[in-house]
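Asks: Okay, so here is work28.cif, and as you'll see once you scroll down, it has mmCIF, C-alpha atoms and all ligand atoms.
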data_data
#
loop_
_atom_site.label_atom_id
_atom_site.label_comp_id
_atom_site.auth_asym_id
_atom_site.auth_seq_id
_atom_site.Cartn_x
_atom_site.Cartn_y
_atom_site.Cartn_z
CA MET A 1 29.25 1.90 43.97
CA HIS A 2 27.68 4.24 41.47
CA PRO A 3 29.46 4.80 38.17
CA PRO A 4 30.65 8.33 37.39
CA LEU A 5 28.42 8.54 34.32
CA MET A 6 24.66 8.88 34.61
CA GLU A 7 23.14 5.67 33.43
CA THR A 8 21.09 6.91 30.46
CA TYR A 9 22.51 4.39 27.99
CA LYS A 10 22.72 0.64 27.74
CA ARG A 11 26.07 0.33 26.04
CA TYR A 12 27.55 -2.51 23.98
CA PRO A 13 30.48 -4.17 25.78
CA ILE A 14 33.10 -2.68 23.47
CA LYS A 15 35.56 0.18 23.79
CA ILE A 16 36.31 1.60 20.37
CA VAL A 17 39.74 3.18 20.14
CA LYS A 18 40.21 3.64 16.39
CA GLY A 19 38.15 3.97 13.22
CA LYS A 20 38.87 4.06 9.51
CA GLY A 21 36.28 4.01 6.74
CA SER A 22 33.68 1.33 7.52
CA TRP A 23 35.85 -0.27 10.24
CA VAL A 24 36.55 0.22 13.94
CA TRP A 25 39.00 -1.42 16.33
CA ASP A 26 38.54 -2.12 20.04
CA GLU A 27 41.28 -1.77 22.63
CA LYS A 28 42.31 -5.41 22.17
CA GLY A 29 42.79 -4.82 18.46
CA LYS A 30 39.65 -6.71 17.39
CA LYS A 31 38.24 -5.30 14.17
CA TYR A 32 34.54 -4.71 13.46
CA LEU A 33 32.55 -3.74 10.37
CA ASP A 34 30.62 -0.72 11.60
CA PHE A 35 27.10 -0.61 10.15
CA THR A 36 25.91 1.82 12.83
CA SER A 37 27.90 4.80 11.49
CA GLY A 38 27.67 6.44 14.89
CA ILE A 39 23.85 6.43 14.42
CA ALA A 40 23.68 7.81 10.87
CA VAL A 41 26.37 10.40 11.57
CA LEU A 42 29.46 9.05 9.77
CA ASN A 43 28.07 9.21 6.24
CA LEU A 44 31.64 9.44 4.92
CA GLY A 45 32.87 6.71 7.25
CA HIS A 46 35.36 7.04 10.09
CA VAL A 47 38.03 9.76 9.85
CA PRO A 48 37.36 10.81 6.24
CA GLN A 49 40.54 12.26 4.76
CA GLU A 50 39.15 15.45 3.22
CA VAL A 51 37.19 16.44 6.31
CA LYS A 52 40.24 15.71 8.45
CA GLU A 53 42.48 17.90 6.30
CA MET A 54 40.10 20.86 6.26
CA LEU A 55 39.56 20.54 10.02
CA GLN A 56 43.30 20.40 10.65
CA GLN A 57 43.76 23.68 8.77
CA GLN A 58 40.91 25.25 10.74
CA LEU A 59 42.42 23.99 14.01
CA ASP A 60 45.51 26.04 13.23
CA ALA A 61 43.48 29.14 12.34
CA VAL A 62 40.66 29.81 14.83
CA TRP A 63 38.33 27.54 16.86
CA HIS A 64 35.55 29.72 18.15
CA THR A 65 34.49 33.34 17.89
CA SER A 66 30.73 33.33 18.72
CA ASN A 67 28.10 34.82 16.47
CA LEU A 68 29.08 38.33 17.50
CA PHE A 69 31.30 38.11 14.43
CA HIS A 70 31.04 36.99 10.84
CA ILE A 71 32.24 33.41 10.44
CA PRO A 72 33.38 32.75 6.85
CA SER A 73 32.94 28.94 6.94
CA GLN A 74 29.43 29.38 8.39
CA GLU A 75 28.42 31.79 5.63
CA GLU A 76 29.89 29.54 2.97
CA LEU A 77 28.16 26.42 4.32
CA ALA A 78 24.83 28.29 4.46
CA LYS A 79 25.30 29.39 0.85
CA LYS A 80 26.12 25.84 -0.29
CA LEU A 81 23.14 24.38 1.59
CA THR A 82 20.75 26.83 -0.05
CA GLU A 83 22.24 26.01 -3.47
CA VAL A 84 21.61 22.29 -3.06
CA SER A 85 18.17 22.49 -1.38
CA VAL A 86 14.82 24.21 -1.82
CA ALA A 87 15.61 26.46 1.17
CA ASP A 88 16.87 30.06 1.00
CA GLN A 89 18.32 30.68 4.46
CA VAL A 90 20.02 28.71 7.21
CA PHE A 91 20.46 28.90 10.99
CA PHE A 92 23.13 26.74 12.64
CA CYS A 93 22.91 25.01 16.00
CA ASN A 94 24.55 21.93 17.56
CA SER A 95 22.25 18.93 17.38
CA GLY A 96 19.08 17.46 15.94
CA THR A 97 16.84 18.20 18.86
CA GLU A 98 18.04 21.78 18.88
CA ALA A 99 17.35 22.14 15.16
CA ASN A 100 13.79 20.92 15.78
CA GLU A 101 13.36 23.26 18.76
CA GLY A 102 14.36 26.10 16.46
CA ALA A 103 12.02 24.89 13.73
CA ILE A 104 9.11 24.84 16.20
CA LYS A 105 9.98 28.38 17.32
CA LEU A 106 10.31 29.57 13.72
CA ALA A 107 6.97 28.03 12.69
CA ARG A 108 5.20 29.66 15.64
CA LEU A 109 6.84 33.03 15.11
CA TYR A 110 6.04 32.99 11.39
CA ALA A 111 2.41 32.08 12.05
CA HIS A 112 1.98 34.72 14.74
CA LYS A 113 4.13 37.60 13.52
CA ILE A 114 3.91 37.31 9.74
CA LEU A 115 0.59 35.57 9.10
CA GLY A 116 -1.15 37.07 12.12
CA LYS A 117 -2.57 33.69 13.15
CA LYS A 118 -3.62 33.07 16.73
CA GLY A 119 -3.15 29.30 16.73
CA SER A 120 0.08 27.42 17.25
CA GLU A 121 -0.81 23.77 16.76
CA ILE A 122 1.74 21.54 15.05
CA ILE A 123 0.75 18.07 13.83
CA THR A 124 3.23 15.23 14.33
CA PHE A 125 2.88 11.45 13.94
CA THR A 126 2.94 8.25 15.94
CA HIS A 127 6.37 6.53 16.08
CA SER A 128 8.06 9.85 15.26
CA PHE A 129 11.32 10.89 16.85
CA HIS A 130 12.25 14.57 16.99
CA GLY A 131 14.60 14.72 19.95
CA ARG A 132 15.00 14.69 23.73
CA THR A 133 14.72 18.33 24.81
CA LEU A 134 11.27 19.29 26.05
CA GLY A 135 9.95 20.96 22.90
CA SER A 136 11.15 18.25 20.52
CA LEU A 137 10.15 15.57 23.02
CA SER A 138 6.63 17.03 23.05
CA ALA A 139 6.64 16.73 19.24
CA THR A 140 7.79 13.11 19.55
CA ALA A 141 4.62 11.03 19.64
CA GLN A 142 6.00 8.16 21.71
CA GLU A 143 4.52 7.88 25.17
CA HIS A 144 7.33 5.77 26.62
CA LEU A 145 9.85 8.54 25.87
CA GLN A 146 7.65 11.30 27.33
CA LYS A 147 6.53 9.48 30.46
CA GLY A 148 7.58 11.17 33.69
CA PHE A 149 8.66 14.42 32.08
CA GLU A 150 5.28 16.12 32.19
CA PRO A 151 4.18 18.80 31.79
CA LEU A 152 5.15 18.71 28.12
CA LEU A 153 5.04 21.68 25.78
CA GLU A 154 1.54 22.47 24.58
CA GLY A 155 0.55 22.83 20.96
CA PHE A 156 1.08 19.39 19.45
CA ARG A 157 -1.53 17.00 18.12
CA TYR A 158 -0.58 13.47 17.06
CA LEU A 159 -2.00 11.54 14.11
CA PRO A 160 -1.28 7.95 13.09
CA TYR A 161 1.52 7.77 10.48
CA ASN A 162 0.63 6.42 7.02
CA ASP A 163 -3.10 6.51 7.86
CA MET A 164 -5.17 7.90 4.97
CA GLU A 165 -8.38 8.28 6.99
CA ALA A 166 -6.65 10.27 9.73
CA LEU A 167 -5.60 12.92 7.21
CA ASN A 168 -9.21 14.15 7.24
CA GLU A 169 -8.49 15.35 10.76
CA LEU A 170 -5.21 17.04 9.88
CA VAL A 171 -6.48 20.60 9.79
CA GLY A 172 -7.91 22.05 12.96
CA GLU A 173 -8.83 25.59 13.87
CA ASN A 174 -5.40 26.27 15.37
CA THR A 175 -3.20 24.19 13.07
CA ILE A 176 -0.19 26.02 11.64
CA ALA A 177 2.24 23.28 10.62
CA VAL A 178 2.92 19.60 10.03
CA MET A 179 6.23 18.08 11.07
CA LEU A 180 7.42 14.66 9.95
CA GLU A 181 10.22 12.31 8.96
CA PHE A 182 9.93 10.86 5.44
CA ILE A 183 11.38 7.67 6.82
CA GLN A 184 10.87 7.32 10.54
CA GLY A 185 14.30 6.29 11.81
CA GLU A 186 14.31 5.75 15.57
CA GLY A 187 10.64 4.76 15.43
CA GLY A 188 11.39 1.57 13.46
CA VAL A 189 12.60 2.41 9.91
CA ILE A 190 9.12 3.14 8.61
CA PRO A 191 8.99 4.84 5.20
CA ALA A 192 6.08 7.17 4.43
CA GLU A 193 3.73 5.67 1.85
CA GLU A 194 3.71 7.71 -1.35
CA GLU A 195 -0.06 8.06 -1.68
CA TRP A 196 -0.38 9.13 1.94
CA LEU A 197 2.38 11.69 1.62
CA LYS A 198 0.86 13.05 -1.59
CA LYS A 199 -2.50 13.56 0.09
CA LEU A 200 -0.84 15.06 3.17
CA TYR A 201 1.12 17.51 0.99
CA THR A 202 -2.02 18.54 -0.91
CA ILE A 203 -3.86 19.27 2.34
CA VAL A 204 -0.86 21.18 3.70
CA LYS A 205 -0.69 23.35 0.58
CA GLU A 206 -4.46 23.93 0.29
CA ASN A 207 -4.63 25.11 3.88
CA GLY A 208 -1.54 27.28 3.93
CA LEU A 209 0.22 25.17 6.57
CA LEU A 210 3.95 24.90 6.94
CA LEU A 211 5.67 21.63 6.19
CA ILE A 212 8.59 20.91 8.49
CA ALA A 213 10.76 18.04 7.24
CA ASP A 214 12.83 16.48 10.01
CA GLU A 215 15.75 15.27 7.91
CA VAL A 216 18.09 14.88 10.87
CA GLN A 217 18.51 11.19 10.01
CA THR A 218 17.33 11.01 6.36
CA GLY A 219 19.35 14.00 5.16
CA MET A 220 22.91 14.31 3.85
CA GLY A 221 22.62 11.51 1.32
CA ARG A 222 21.41 8.79 3.67
CA THR A 223 18.46 7.75 1.47
CA GLY A 224 20.37 8.03 -1.82
CA SER A 225 19.32 11.62 -2.55
CA LEU A 226 20.96 14.51 -0.72
CA PHE A 227 17.60 15.03 1.05
CA ALA A 228 14.75 12.54 1.35
CA TYR A 229 12.13 15.10 0.26
CA GLU A 230 13.63 14.90 -3.26
CA GLU A 231 12.51 11.27 -3.47
CA TYR A 232 8.89 12.32 -2.95
CA HIS A 233 8.80 15.51 -5.06
CA ILE A 234 7.85 17.62 -2.08
CA GLU A 235 9.05 21.09 -1.14
CA PRO A 236 9.21 21.55 2.61
CA ASP A 237 9.11 25.07 4.06
CA ILE A 238 11.51 24.17 6.86
CA ILE A 239 14.13 21.39 6.88
CA THR A 240 16.10 20.34 9.94
CA LEU A 241 19.50 18.66 9.69
CA ALA A 242 22.12 17.37 12.10
CA LYS A 243 23.51 13.81 12.28
CA GLY A 244 25.37 13.44 8.95
CA LEU A 245 26.05 17.14 8.44
CA GLY A 246 29.41 17.29 10.24
CA SER A 247 30.84 13.77 9.79
CA GLY A 248 30.97 13.39 13.58
CA PHE A 249 31.59 17.00 14.49
CA PRO A 250 28.47 18.20 16.37
CA ILE A 251 26.36 20.52 14.21
CA GLY A 252 22.68 21.04 13.45
CA ALA A 253 20.87 23.34 11.04
CA ILE A 254 17.47 24.81 10.29
CA LEU A 255 16.93 25.51 6.60
CA ALA A 256 13.89 27.54 5.53
CA LYS A 257 12.22 29.35 2.68
CA LYS A 258 12.98 33.08 2.85
CA GLU A 259 9.36 34.12 3.60
CA VAL A 260 9.40 31.87 6.66
CA ALA A 261 12.97 32.65 7.72
CA ALA A 262 12.04 36.35 7.67
CA ALA A 263 10.29 35.82 11.02
CA PHE A 264 13.70 35.42 12.67
CA THR A 265 15.08 38.93 13.24
CA PRO A 266 18.05 39.91 15.46
CA GLY A 267 17.49 38.74 19.01
CA THR A 268 14.70 36.22 18.29
CA HIS A 269 16.88 33.11 18.30
CA GLY A 270 20.51 32.27 18.89
CA SER A 271 23.23 29.91 20.03
CA THR A 272 26.69 30.40 21.51
CA PHE A 273 28.30 27.46 19.72
CA GLY A 274 25.98 27.22 16.70
CA GLY A 275 27.80 27.47 13.39
CA ASN A 276 31.24 27.77 14.95
CA PRO A 277 34.31 27.69 12.68
CA LEU A 278 35.16 24.05 13.40
CA SER A 279 31.68 22.57 13.00
CA THR A 280 30.89 24.50 9.84
CA THR A 281 34.27 23.58 8.36
CA ALA A 282 33.39 19.94 9.01
CA GLY A 283 30.02 20.60 7.35
CA LEU A 284 31.60 22.25 4.33
CA ALA A 285 34.04 19.41 3.80
CA THR A 286 31.27 16.83 4.20
CA LEU A 287 28.95 18.56 1.75
CA LYS A 288 31.80 18.95 -0.74
CA VAL A 289 32.26 15.17 -0.88
CA LEU A 290 28.53 14.36 -0.89
CA THR A 291 27.82 16.69 -3.81
CA ARG A 292 30.76 15.52 -5.90
CA GLU A 293 29.74 14.33 -9.37
CA GLY A 294 28.66 10.68 -9.21
CA PHE A 295 28.89 10.27 -5.43
CA LEU A 296 25.16 9.91 -4.81
CA ASP A 297 24.74 7.73 -7.93
CA GLU A 298 27.17 5.33 -6.31
CA VAL A 299 25.20 5.48 -3.05
CA LYS A 300 22.04 4.59 -4.99
CA ARG A 301 23.75 1.72 -6.78
CA LYS A 302 25.42 0.24 -3.70
CA SER A 303 22.35 0.64 -1.49
CA GLN A 304 20.25 -1.10 -4.15
CA MET A 305 22.73 -3.96 -4.06
CA LEU A 306 22.47 -4.15 -0.27
CA LYS A 307 18.67 -4.04 -0.36
CA GLU A 308 18.51 -6.79 -3.00
CA GLY A 309 20.77 -8.93 -0.82
CA LEU A 310 18.51 -8.37 2.16
CA LEU A 311 15.40 -9.14 0.10
CA GLN A 312 16.99 -12.46 -0.81
CA LEU A 313 17.43 -13.19 2.88
CA GLU A 314 13.79 -12.22 3.41
CA LYS A 315 12.83 -14.77 0.78
CA LYS A 316 15.01 -17.45 2.33
CA PHE A 317 14.04 -16.89 5.97
CA SER A 318 10.30 -16.58 6.53
CA PHE A 319 10.78 -14.82 9.87
CA LEU A 320 12.22 -11.63 8.31
CA THR A 321 10.68 -8.46 6.85
CA VAL A 322 12.93 -5.91 5.13
CA ARG A 323 12.18 -2.22 4.57
CA GLY A 324 13.73 1.21 4.08
CA LYS A 325 15.44 3.31 1.44
CA GLY A 326 19.05 3.97 0.48
CA PHE A 327 21.35 3.21 3.39
CA LEU A 328 18.58 3.59 5.98
CA LEU A 329 17.36 0.01 6.07
CA GLY A 330 15.62 -2.17 8.61
CA ILE A 331 15.02 -5.86 9.15
CA GLN A 332 12.13 -6.81 11.36
CA PRO A 333 12.62 -10.37 12.58
CA LYS A 334 10.23 -12.45 14.57
CA GLY A 335 12.26 -13.08 17.68
CA ASP A 336 14.38 -10.96 19.96
CA VAL A 337 16.32 -8.28 18.11
CA GLY A 338 18.98 -8.07 20.81
CA THR A 339 19.94 -11.68 20.12
CA PHE A 340 20.64 -10.90 16.46
CA ILE A 341 22.62 -7.76 17.30
CA THR A 342 24.77 -9.79 19.69
CA MET A 343 25.23 -12.64 17.19
CA ALA A 344 26.34 -10.13 14.54
CA ARG A 345 28.74 -8.44 16.96
CA GLU A 346 30.32 -11.78 17.86
CA ARG A 347 30.96 -12.23 14.14
CA GLY A 348 32.50 -8.75 13.85
CA VAL A 349 29.55 -6.72 12.56
CA LEU A 350 28.11 -3.77 14.50
CA LEU A 351 24.40 -3.02 14.15
CA LEU A 352 21.80 -1.11 16.09
CA THR A 353 18.10 -1.32 16.72
CA ALA A 354 15.14 0.91 15.87
CA GLY A 355 11.80 0.98 17.62
CA SER A 356 11.24 -2.10 19.70
CA GLY A 357 11.76 -4.86 17.19
CA VAL A 358 13.82 -3.72 14.23
CA ILE A 359 17.47 -4.22 13.29
CA ARG A 360 18.62 -0.92 11.80
CA ILE A 361 21.28 -1.02 9.11
CA LEU A 362 23.23 2.21 8.64
CA PRO A 363 26.48 1.65 6.76
CA PRO A 364 28.60 4.66 5.84
CA LEU A 365 27.66 5.90 2.35
CA THR A 366 31.26 5.15 1.38
CA VAL A 367 30.90 1.43 2.12
CA THR A 368 32.44 -0.79 -0.57
CA GLU A 369 30.80 -3.63 -2.51
CA GLU A 370 33.19 -6.04 -0.80
CA GLU A 371 32.08 -4.85 2.63
CA ILE A 372 28.41 -5.16 1.67
CA LYS A 373 29.05 -8.76 0.56
CA GLU A 374 30.87 -9.50 3.79
CA PHE A 375 27.97 -8.04 5.76
CA LEU A 376 25.34 -10.06 3.85
CA GLN A 377 27.38 -13.20 4.43
CA VAL A 378 27.39 -12.63 8.19
CA MET A 379 23.66 -11.85 8.24
CA GLU A 380 22.91 -15.04 6.34
CA GLU A 381 25.04 -16.97 8.83
CA ILE A 382 23.26 -15.61 11.89
CA PHE A 383 19.78 -16.06 10.45
CA ALA A 384 20.65 -19.61 9.43
CA ALA A 385 21.98 -20.31 12.94
CA TYR A 386 18.81 -18.84 14.41
CA ALA A 387 16.57 -20.83 12.06
CA LEU A 388 18.35 -23.98 13.18
CA THR A 389 17.74 -23.33 16.89
CA THR A 390 14.06 -22.60 16.31
CA GLN A 391 13.50 -25.23 13.58
CA GLY A 392 12.81 -22.46 11.06
CA VAL A 393 9.99 -20.82 13.10
C1 LIG A 401 18.51 11.64 16.01
C2 LIG A 401 17.32 12.39 15.61
C3 LIG A 401 16.94 13.58 16.25
C4 LIG A 401 17.67 14.11 17.46
O1 LIG A 401 18.98 14.46 17.17
P1 LIG A 401 20.04 14.70 18.37
O2 LIG A 401 21.24 15.23 17.66
O3 LIG A 401 20.25 13.40 19.05
O4 LIG A 401 19.41 15.71 19.26
C5 LIG A 401 15.85 14.26 15.76
N1 LIG A 401 15.15 13.80 14.71
C6 LIG A 401 15.47 12.68 14.07
C7 LIG A 401 14.69 12.24 12.89
C8 LIG A 401 16.56 11.93 14.49
O5 LIG A 401 16.88 10.78 13.88
#
Would you mind writing the structure in this file as structure tokens?
Replies:
Amino acid sequence: MHPPLMETYKRYPIKIVKGKGSWVWDEKGKKYLDFTSGIAVLNLGHVPQEVKEMLQQQLDAVWHTSNLFHIPSQEELAKKLTEVSVADQVFFCNSGTEANEGAIKLARLYAHKILGKKGSEIITFTHSFHGRTLGSLSATAQEHLQKGFEPLLEGFRYLPYNDMEALNELVGENTIAVMLEFIQGEGGVIPAEEEWLKKLYTIVKENGLLLIADEVQTGMGRTGSLFAYEEYHIEPDIITLAKGLGSGFPIGAILAKKEVAAAFTPGTHGSTFGGNPLSTTAGLATLKVLTREGFLDEVKRKSQMLKEGLLQLEKKFSFLTVRGKGFLLGIQPKGDVGTFITMARERGVLLLTAGSGVIRILPPLTVTEEEIKEFLQVMEEIFAAYALTTQGV
């Protein structure tokens, strides 16, 4: 018998029926500490009160109108996003991959229509993840994700991430843009090295290329700044957002400098659902909390505490390597990652993987010190248990 759902996911054997803050409950009432945050989506935790209240009001007012009309919450969220970022204009869509599709279209249109360039090549990097639709998948330099879906979209060239030498080959005759994640999330929690990024940025600027920052995972406070580019003193021309933007309500966005955004004129791009009253209300409420005085300072402080705890485990257990920034952290163990994820789940902690061999740690940004301590305790327990079975590796 075939199941009614297409089998695109390998799911954990849990049915979650309730969530609050950093916690979820399954249908038997068992409680778990959720350090997956719905894959970097629930930056304010489960069912955040302020988002819920604003959404409830919007539910009573109007749900959907389409972009045939002005949508006040959409205009307000765009205004707020331009106030807190280096971008001047915003386009709303529904997901990360769609934001990247739009960014690819915008970069091409800007190069062709405004700069009069003939080329359309966009550079992306090994281990990147930009999404599952064909354009974004073509930008995603991971063969195992692309395999079988050929022909892919033309116009991408891949370079090795964090490779200084390779930057000499960045600019080709047809190159118009560079697209990257400042911390590769799905690809294995791999932060960009500062020197490499500095050189990349210099080359981009000297050659008049566009810089597209895929902040779908790193954005909305995840790394301790509202956007990861702030950590590197870089000004992208285009920024894509999704995951954390709506606290669980599907929404994506393309943010761009006004010169670039000018390429999009009526009829060039669009979306039926994009920026609808409910999703942009969720976005507004989320951004309101994230930009509240002191909120991100707390994220920095708590994430530092978590990282220090993990570094202590790294010191204690020789089979671990820890990396990442803010609340986008990874542990690379020698040994099967699935085993550790299962061990943690059995002890009431939910975690996910990244790449092929990394445990990804994505607590909500609202996680408490107590919860971080509880988490570290469980991790120490499972690594100690593992060390025992393998005689320390
Ligand atoms: C998750 C992710 C995407 C894709 O987002 P979807 O909403 O799943 O389409 C794109 N880029 C990055 C960096 C991501 O982490």
Asks: Which is closest to ligand LIG 401 (chain A) among A:Leu159, A:Val204, A:Ile71, A:Ala228, if we use all atoms listed in the file?
Replies: A:Ala228
Asks: From the set A:Ser225, A:Thr218, A:Ser138, A:Thr126, which residue has the shortest atom-to-atom contact distance to ligand LIG 401 (chain A), counting only C-alpha atoms and all ligand atoms?
Replies: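 Residue with the minimum atom-to-atom distance to ligand LIG 401 (chain A): A:Thr218.
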Asks: Do you have, as a Markdown table, the list of residues of chain A lying at most 7 Å from ligand LIG 401 (chain A), each with its nearest atom pair and that distance in Å to one decimal, counting all atoms listed in the file and ordered by chain then number?
Replies:
| residue | atom | partner | partner_atom | distance |
| --- | --- | --- | --- | --- |
| A:Ser95 | CA | A:LIG401 | O2 | 3.8 |
| A:Gly96 | CA | A:LIG401 | O1 | 3.2 |
| A:Thr97 | CA | A:LIG401 | O4 | 3.6 |
| A:Glu98 | CA | A:LIG401 | O4 | 6.2 |
| A:Asn100 | CA | A:LIG401 | C5 | 7.0 |
| A:Phe129 | CA | A:LIG401 | N1 | 5.3 |
| A:His130 | CA | A:LIG401 | N1 | 3.8 |
| A:Gly131 | CA | A:LIG401 | C4 | 4.0 |
| A:Arg132 | CA | A:LIG401 | O4 | 6.4 |
| A:Glu181 | CA | A:LIG401 | C7 | 6.0 |
| A:Gln184 | CA | A:LIG401 | C7 | 6.7 |
| A:Gly185 | CA | A:LIG401 | O5 | 5.6 |
| A:Glu186 | CA | A:LIG401 | O5 | 5.9 |
| A:Asp214 | CA | A:LIG401 | C7 | 5.5 |
| A:Glu215 | CA | A:LIG401 | C7 | 5.9 |
| A:Val216 | CA | A:LIG401 | C6 | 4.7 |
| A:Gln217 | CA | A:LIG401 | O5 | 4.2 |
| A:Ala242 | CA | A:LIG401 | O2 | 6.0 |
| A:Lys243 | CA | A:LIG401 | O2 | 6.0 |
Asks: Can you pull out the residues contacting segment 281-297 of chain A? Cut-off 9 Å, using only C-alpha atoms, and skip same-chain residues under 6 positions away; I want them as number ranges by chain.
Replies: A: 43-44, 48, 50-55, 58, 73-74, 76-77, 80-81, 84, 220-221, 224-226, 244-249, 251, 365-366
Asks: Smallest atom-to-atom distance to Leu68 of chain A: which of A:Val41, A:Ile183, A:Gly270, A:Tyr9, using all atoms listed in the file?
Replies: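 Going through A:Val41, A:Ile183, A:Gly270, A:Tyr9 one by one, the smallest distance to Leu68 of chain A is for A:Gly270.
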Asks: Between A:Ile331, A:Val189, A:Met164, A:Val171, which is the closest to Leu313 of chain A once you count only C-alpha atoms?
Replies: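 Of A:Ile331, A:Val189, A:Met164, A:Val171, the one nearest Leu313 of chain A, counting only C-alpha atoms, is A:Ile331.
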Asks: Identify which of the residues A:Lys30, A:Glu369, A:Thr133, A:Ala166 lies closest to Leu152 of chain A, counting only C-alpha atoms when measuring atom-to-atom distances.
Replies: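 Of all the options, A:Thr133 lies closest to Leu152 of chain A.
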Asks: Of the candidates A:Val90, A:Leu170, A:Ala177, A:Ile16, which shows the shortest atom-to-atom distance to Ile122 of chain A, using all atoms listed in the file?
Replies: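 Ranked by minimum distance to Ile122 of chain A, first place goes to A:Ala177.
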Asks: Mind checking which residues fall within 6 Å of Gly45 of chain A, counting only C-alpha atoms, ignoring those fewer than 6 positions away in the same chain, and posting them as a list in words?
Replies: Gly21, Ser22 and Pro364 of chain A
Asks: Mind giving me the straight-line distance from atom CA of His46 of chain A to atom CA of Val24 of chain A in Å, one decimal?
Replies: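 Atom CA of Val24 of chain A lies at a distance of 7.9 Å from atom CA of His46 of chain A.
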Asks: How many Å separate atom CA of Thr175 of chain A from atom CA of Thr124 of chain A?
Replies: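 Spanning atom CA of Thr175 of chain A to atom CA of Thr124 of chain A is a straight-line distance of 11.1 Å.
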Asks: Record the distance separating atom CA of His127 of chain A and atom CA of Gly102 of chain A, expressed in Å with one decimal.
Replies: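 A separation of 21.1 Å between them.
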Asks: Take every atom of segment 20-30 of chain A listed in the file, fit an axis-aligned box around them, add 6 Å per side, and give the centre and edge lengths in Å to one decimal as AutoDock Vina command-line options.
Replies:
--center_x 38.2 --center_y -1.3 --center_z 14.7 --size_x 21.1 --size_y 22.8 --size_z 27.9
Asks: Need the neighbours of (-4.3, 30.9, 14.8): which residues are at most 12 Å away, counting all atoms listed in the file, as number ranges by chain?
Replies: A: 107-122, 155, 171-177, 208-209
Asks: Write a file for segment 301-305 of chain A of the given structure; include all heavy atoms and format it as a tab-separated table (two decimals), in the first residue's frame.
Replies:
chain	number	residue	atom	x	y	z
A	301	ARG	N	24.41	37.39	23.66
A	301	ARG	CA	24.89	36.92	24.97
A	301	ARG	C	24.56	35.44	25.16
A	301	ARG	O	25.43	34.63	25.51
A	301	ARG	CB	24.25	37.75	26.09
A	301	ARG	CG	24.83	37.51	27.47
A	301	ARG	CD	24.10	38.31	28.54
A	301	ARG	NE	22.70	37.92	28.68
A	301	ARG	CZ	22.27	36.82	29.31
A	301	ARG	NH1	23.14	36.01	29.87
A	301	ARG	NH2	20.98	36.54	29.38
A	302	LYS	N	23.32	35.07	24.89
A	302	LYS	CA	22.91	33.68	25.12
A	302	LYS	C	23.59	32.73	24.13
A	302	LYS	O	23.95	31.61	24.49
A	302	LYS	CB	21.37	33.56	25.00
A	302	LYS	CG	20.61	34.19	26.16
A	302	LYS	CD	19.11	34.00	26.01
A	302	LYS	CE	18.57	34.65	24.76
A	302	LYS	NZ	17.09	34.60	24.66
A	303	SER	N	23.76	33.19	22.88
A	303	SER	CA	24.37	32.29	21.90
A	303	SER	C	25.85	32.10	22.20
A	303	SER	O	26.42	31.04	21.95
A	303	SER	CB	24.17	32.81	20.48
A	303	SER	OG	24.75	34.07	20.29
A	304	GLN	N	26.47	33.15	22.79
A	304	GLN	CA	27.87	33.02	23.21
A	304	GLN	C	27.98	31.96	24.31
A	304	GLN	O	28.88	31.12	24.30
A	304	GLN	CB	28.35	34.39	23.73
A	304	GLN	CG	29.86	34.50	23.87
A	304	GLN	CD	30.58	34.17	22.57
A	304	GLN	OE1	30.12	34.54	21.48
A	304	GLN	NE2	31.69	33.44	22.66
A	305	MET	N	27.01	32.01	25.21
A	305	MET	CA	26.98	31.04	26.31
A	305	MET	C	26.83	29.61	25.77
A	305	MET	O	27.53	28.69	26.20
A	305	MET	CB	25.80	31.40	27.22
A	305	MET	CG	25.53	30.44	28.33
A	305	MET	SD	23.96	30.86	29.14
A	305	MET	CE	23.57	29.24	29.79
